[in-house]
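Raw contents of structure25.txt, compact mmCIF, C-alpha atoms:
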# COMPACT_ATOMS: atom_id res chain seq x y z
CA MET A 1 0.00 0.00 0.00
CA SER A 2 1.26 3.51 -0.71
CA LEU A 3 -0.05 6.91 0.27
CA LYS A 4 0.97 9.93 -1.77
CA GLN A 5 0.19 13.06 0.20
CA LEU A 6 -0.63 16.05 -2.02
CA TYR A 7 -0.75 19.31 -0.13
CA ASN A 8 1.54 22.21 0.58
CA CYS A 9 2.79 20.84 3.95
CA SER A 10 1.52 23.92 5.74
CA THR A 11 0.87 23.33 9.43
CA THR A 12 -1.78 26.07 9.33
CA LYS A 13 -4.04 24.18 6.90
CA ASN A 14 -6.70 21.71 8.08
CA LEU A 15 -7.23 19.57 4.98
CA GLY A 16 -4.93 16.85 3.60
CA PHE A 17 -5.28 15.24 0.19
CA LEU A 18 -4.12 11.71 -0.71
CA ILE A 19 -3.85 9.34 -3.62
CA GLU A 20 -3.96 5.87 -2.08
CA THR A 21 -2.71 2.83 -3.99
CA TYR A 22 -3.40 -0.68 -2.70
CA GLN A 23 -1.60 -3.60 -4.30
CA PRO A 24 -3.57 -6.85 -4.76
CA ASN A 25 -4.71 -8.39 -1.46
CA SER A 26 -3.18 -5.61 0.65
CA SER A 27 -4.53 -3.51 3.50
CA THR A 28 -3.69 -0.81 6.00
CA GLU A 29 -3.13 -3.83 8.31
CA GLU A 30 -4.31 -2.08 11.45
CA LYS A 31 -7.35 -0.16 12.49
CA ILE A 32 -6.57 3.54 12.27
CA ALA A 33 -8.29 6.07 14.51
CA HIS A 34 -7.69 9.81 14.84
CA GLU A 35 -9.73 12.95 15.32
CA GLY A 36 -11.20 14.30 12.12
CA GLU A 37 -12.98 13.21 8.97
CA GLU A 38 -12.09 11.43 5.74
CA ILE A 39 -13.89 11.42 2.42
CA GLY A 40 -12.84 9.48 -0.65
CA THR A 41 -13.76 8.02 -4.02
CA VAL A 42 -12.58 4.73 -5.50
CA ILE A 43 -11.08 5.62 -8.89
CA GLU A 44 -9.88 2.11 -9.78
CA GLY A 45 -10.66 -1.35 -8.41
CA LYS A 46 -12.55 -2.27 -5.24
CA VAL A 47 -11.97 -1.71 -1.54
CA LEU A 48 -13.42 -3.11 1.66
CA ILE A 49 -13.68 -0.46 4.34
CA ARG A 50 -14.14 -1.80 7.84
CA ILE A 51 -15.38 0.79 10.36
CA GLU A 52 -15.43 -0.69 13.83
CA GLU A 53 -17.23 -4.02 13.22
CA THR A 54 -19.10 -3.09 10.00
CA THR A 55 -17.62 -3.77 6.53
CA TYR A 56 -18.57 -1.98 3.30
CA LEU A 57 -17.57 -3.11 -0.22
CA LEU A 58 -16.97 -0.14 -2.51
CA ASN A 59 -16.55 -0.40 -6.27
CA GLU A 60 -15.01 1.99 -8.77
CA GLY A 61 -16.97 5.27 -8.63
CA ASP A 62 -18.28 4.71 -5.08
CA SER A 63 -17.52 7.27 -2.37
CA TYR A 64 -17.37 7.22 1.42
CA VAL A 65 -17.25 9.54 4.43
CA ILE A 66 -15.71 8.39 7.72
CA ASP A 67 -15.77 9.90 11.18
CA THR A 68 -12.14 8.93 11.75
CA ILE A 69 -12.44 8.77 15.53
CA LYS A 70 -13.94 5.32 14.80
CA PRO A 71 -11.27 2.66 14.13
CA HIS A 72 -11.14 1.87 10.41
CA THR A 73 -9.21 -0.32 7.98
CA SER A 74 -9.01 -0.33 4.16
CA ILE A 75 -8.52 -3.64 2.33
CA ASN A 76 -8.05 -4.47 -1.35
CA PRO A 77 -9.62 -7.96 -1.60
CA THR A 78 -8.88 -8.37 -5.33
CA GLU A 79 -6.08 -9.52 -7.62
CA GLY A 80 -5.89 -6.04 -9.19
CA VAL A 81 -4.64 -2.63 -8.03
CA THR A 82 -7.06 -0.33 -6.18
CA ARG A 83 -6.69 3.47 -6.22
CA ILE A 84 -8.57 5.95 -4.07
CA VAL A 85 -8.46 9.73 -4.02
CA SER A 86 -9.23 11.04 -0.53
CA ALA A 87 -9.19 14.11 1.67
CA HIS A 88 -8.85 14.12 5.42
CA THR A 89 -8.64 16.33 8.48
CA PRO A 90 -6.35 17.11 10.17
CA THR A 91 -3.54 17.29 7.60
CA THR A 92 -1.48 14.86 9.70
CA TYR A 93 -2.74 11.95 11.75

In structure tokens, what does this structure look like?
Amino acid sequence: MSLKQLYNCSTTKNLGFLIETYQPNSSTEEKIAHEGEEIGTVIEGKVLIRIEETTYLLNEGDSYVIDTIKPHTSINPTEGVTRIVSAHTPTTY
């Protein structure tokens, strides 16, 4: 999995922007939790997003919004690459 952070690295800004790439059968491996929000759209492939104990399967073109205080994990369950464009607050977590 790779995260490419696209923003001006200013500590005074509240919004971060990412291009996330998940190799086949990869995941964030751990449940991530931090103050803030995340919104994203699957631009290629599929992703399973597990928020606490609930799992959602998102396909290309689907979007999501997460209250990131809740533990969450992203998983590519396929044999192909998955790409997501996302924005999150705060800029670092």

How big is the axis-aligned box around the listed atoms of range 60-63 of chain A once 3 Å is added on each side, and where is its centre? Give both in Å to one decimal, as AutoDock Vina command-line options.
--center_x -16.6 --center_y 4.6 --center_z -5.6 --size_x 9.3 --size_y 11.3 --size_z 12.4

Exercise for review: Counting all atoms listed in the file, note down every residue that has an atom within 7 Å of the point (-13.0, 0.4, 17.9) (file coordinates), as a PyMOL selection string.
Suggested key: chain A and resi 52+70-71

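If all atoms listed in the file are the atoms counted, then among A:Leu57, A:Ile49, A:Ile32, A:Ile39 the closest residue to Leu15 in chain A is A:Ile39.
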
Review point. What separation in Å, quoted to one decimal, exists between CA of Lys13 in chain A and CA of Lys31 in chain A?
Key: 25.2 Å

Closest atom pairs, range 5-45 of chain A residues within 6 Å of range 58-66 of chain A, only C-alpha atoms, as a Markdown table:
| residue | atom | partner | partner_atom | distance |
| --- | --- | --- | --- | --- |
| A:Glu37 | CA | A:Ile66 | CA | 5.7 |
| A:Glu38 | CA | A:Ile66 | CA | 5.1 |
| A:Ile39 | CA | A:Val65 | CA | 4.3 |
| A:Gly40 | CA | A:Ser63 | CA | 5.5 |
| A:Thr41 | CA | A:Ser63 | CA | 4.2 |
| A:Val42 | CA | A:Glu60 | CA | 4.9 |
| A:Ile43 | CA | A:Glu60 | CA | 5.4 |
| A:Glu44 | CA | A:Glu60 | CA | 5.2 |
| A:Gly45 | CA | A:Glu60 | CA | 5.5 |

Could you dump the residues just selected with C-alpha atoms as a compact mmCIF listing (two decimals), in the frame of the given file?
# COMPACT_ATOMS: atom_id res chain seq x y z
CA GLU A 37 -12.98 13.21 8.97
CA GLU A 38 -12.09 11.43 5.74
CA ILE A 39 -13.89 11.42 2.42
CA GLY A 40 -12.84 9.48 -0.65
CA THR A 41 -13.76 8.02 -4.02
CA VAL A 42 -12.58 4.73 -5.50
CA ILE A 43 -11.08 5.62 -8.89
CA GLU A 44 -9.88 2.11 -9.78
CA GLY A 45 -10.66 -1.35 -8.41

Could range 14-25 of chain A be completed with all heavy atoms and returned as a short mmCIF file (atom, residue, chain, number, x, y, z; two decimals), keeping the file's coordinate frame?
data_model
loop_
_atom_site.label_atom_id
_atom_site.label_comp_id
_atom_site.auth_asym_id
_atom_site.auth_seq_id
_atom_site.Cartn_x
_atom_site.Cartn_y
_atom_site.Cartn_z
N ASN A 14 -5.97 22.78 7.41
CA ASN A 14 -6.70 21.71 8.08
C ASN A 14 -7.00 20.51 7.21
O ASN A 14 -7.43 19.48 7.71
CB ASN A 14 -8.04 22.26 8.62
CG ASN A 14 -7.82 23.27 9.71
OD1 ASN A 14 -6.95 23.12 10.54
ND2 ASN A 14 -8.62 24.32 9.69
N LEU A 15 -6.79 20.61 5.90
CA LEU A 15 -7.23 19.57 4.98
C LEU A 15 -6.03 18.94 4.28
O LEU A 15 -5.20 19.63 3.70
CB LEU A 15 -8.18 20.18 3.94
CG LEU A 15 -8.81 19.23 2.94
CD1 LEU A 15 -9.73 18.23 3.65
CD2 LEU A 15 -9.61 20.02 1.93
N GLY A 16 -5.94 17.60 4.33
CA GLY A 16 -4.93 16.85 3.60
C GLY A 16 -5.57 16.14 2.43
O GLY A 16 -6.76 15.84 2.44
N PHE A 17 -4.78 15.85 1.41
CA PHE A 17 -5.28 15.24 0.19
C PHE A 17 -4.36 14.08 -0.17
O PHE A 17 -3.14 14.25 -0.18
CB PHE A 17 -5.31 16.30 -0.92
CG PHE A 17 -5.86 15.83 -2.22
CD1 PHE A 17 -7.19 15.49 -2.35
CD2 PHE A 17 -5.05 15.75 -3.34
CE1 PHE A 17 -7.71 15.07 -3.57
CE2 PHE A 17 -5.55 15.33 -4.56
CZ PHE A 17 -6.89 14.99 -4.67
N LEU A 18 -4.92 12.90 -0.44
CA LEU A 18 -4.12 11.71 -0.71
C LEU A 18 -4.54 11.01 -1.99
O LEU A 18 -5.73 11.02 -2.35
CB LEU A 18 -4.29 10.67 0.41
CG LEU A 18 -3.80 11.01 1.80
CD1 LEU A 18 -4.25 9.91 2.77
CD2 LEU A 18 -2.29 11.13 1.82
N ILE A 19 -3.57 10.37 -2.63
CA ILE A 19 -3.85 9.34 -3.62
C ILE A 19 -3.36 8.05 -2.99
O ILE A 19 -2.17 7.91 -2.69
CB ILE A 19 -3.16 9.61 -4.96
CG1 ILE A 19 -3.71 10.90 -5.58
CG2 ILE A 19 -3.35 8.43 -5.91
CD1 ILE A 19 -3.04 11.32 -6.85
N GLU A 20 -4.28 7.13 -2.74
CA GLU A 20 -3.96 5.87 -2.08
C GLU A 20 -3.91 4.76 -3.12
O GLU A 20 -4.80 4.64 -3.95
CB GLU A 20 -5.04 5.52 -1.05
CG GLU A 20 -5.29 6.63 -0.04
CD GLU A 20 -6.44 6.31 0.89
OE1 GLU A 20 -6.59 5.13 1.30
OE2 GLU A 20 -7.21 7.23 1.20
N THR A 21 -2.86 3.96 -3.08
CA THR A 21 -2.71 2.83 -3.99
C THR A 21 -2.55 1.56 -3.17
O THR A 21 -1.66 1.47 -2.32
CB THR A 21 -1.48 3.01 -4.91
OG1 THR A 21 -1.63 4.23 -5.64
CG2 THR A 21 -1.37 1.85 -5.89
N TYR A 22 -3.43 0.61 -3.40
CA TYR A 22 -3.40 -0.68 -2.70
C TYR A 22 -3.05 -1.77 -3.70
O TYR A 22 -3.78 -1.96 -4.68
CB TYR A 22 -4.76 -0.98 -2.06
CG TYR A 22 -5.14 -0.01 -0.97
CD1 TYR A 22 -5.75 1.20 -1.29
CD2 TYR A 22 -4.87 -0.29 0.35
CE1 TYR A 22 -6.10 2.11 -0.30
CE2 TYR A 22 -5.22 0.61 1.36
CZ TYR A 22 -5.82 1.80 1.01
OH TYR A 22 -6.16 2.70 1.99
N GLN A 23 -1.97 -2.47 -3.47
CA GLN A 23 -1.60 -3.60 -4.30
C GLN A 23 -2.60 -4.74 -4.06
O GLN A 23 -3.33 -4.73 -3.06
CB GLN A 23 -0.16 -4.04 -3.98
CG GLN A 23 0.87 -2.98 -4.33
CD GLN A 23 0.82 -2.56 -5.80
OE1 GLN A 23 0.68 -3.38 -6.70
NE2 GLN A 23 0.90 -1.25 -6.04
N PRO A 24 -2.64 -5.73 -4.94
CA PRO A 24 -3.57 -6.85 -4.76
C PRO A 24 -3.47 -7.47 -3.36
O PRO A 24 -2.36 -7.66 -2.83
CB PRO A 24 -3.13 -7.85 -5.84
CG PRO A 24 -2.54 -6.99 -6.91
CD PRO A 24 -1.85 -5.88 -6.17
N ASN A 25 -4.61 -7.73 -2.77
CA ASN A 25 -4.71 -8.39 -1.46
C ASN A 25 -3.92 -7.69 -0.36
O ASN A 25 -3.35 -8.33 0.50
CB ASN A 25 -4.30 -9.86 -1.58
CG ASN A 25 -5.17 -10.59 -2.56
OD1 ASN A 25 -6.39 -10.66 -2.40
ND2 ASN A 25 -4.58 -11.10 -3.62
#
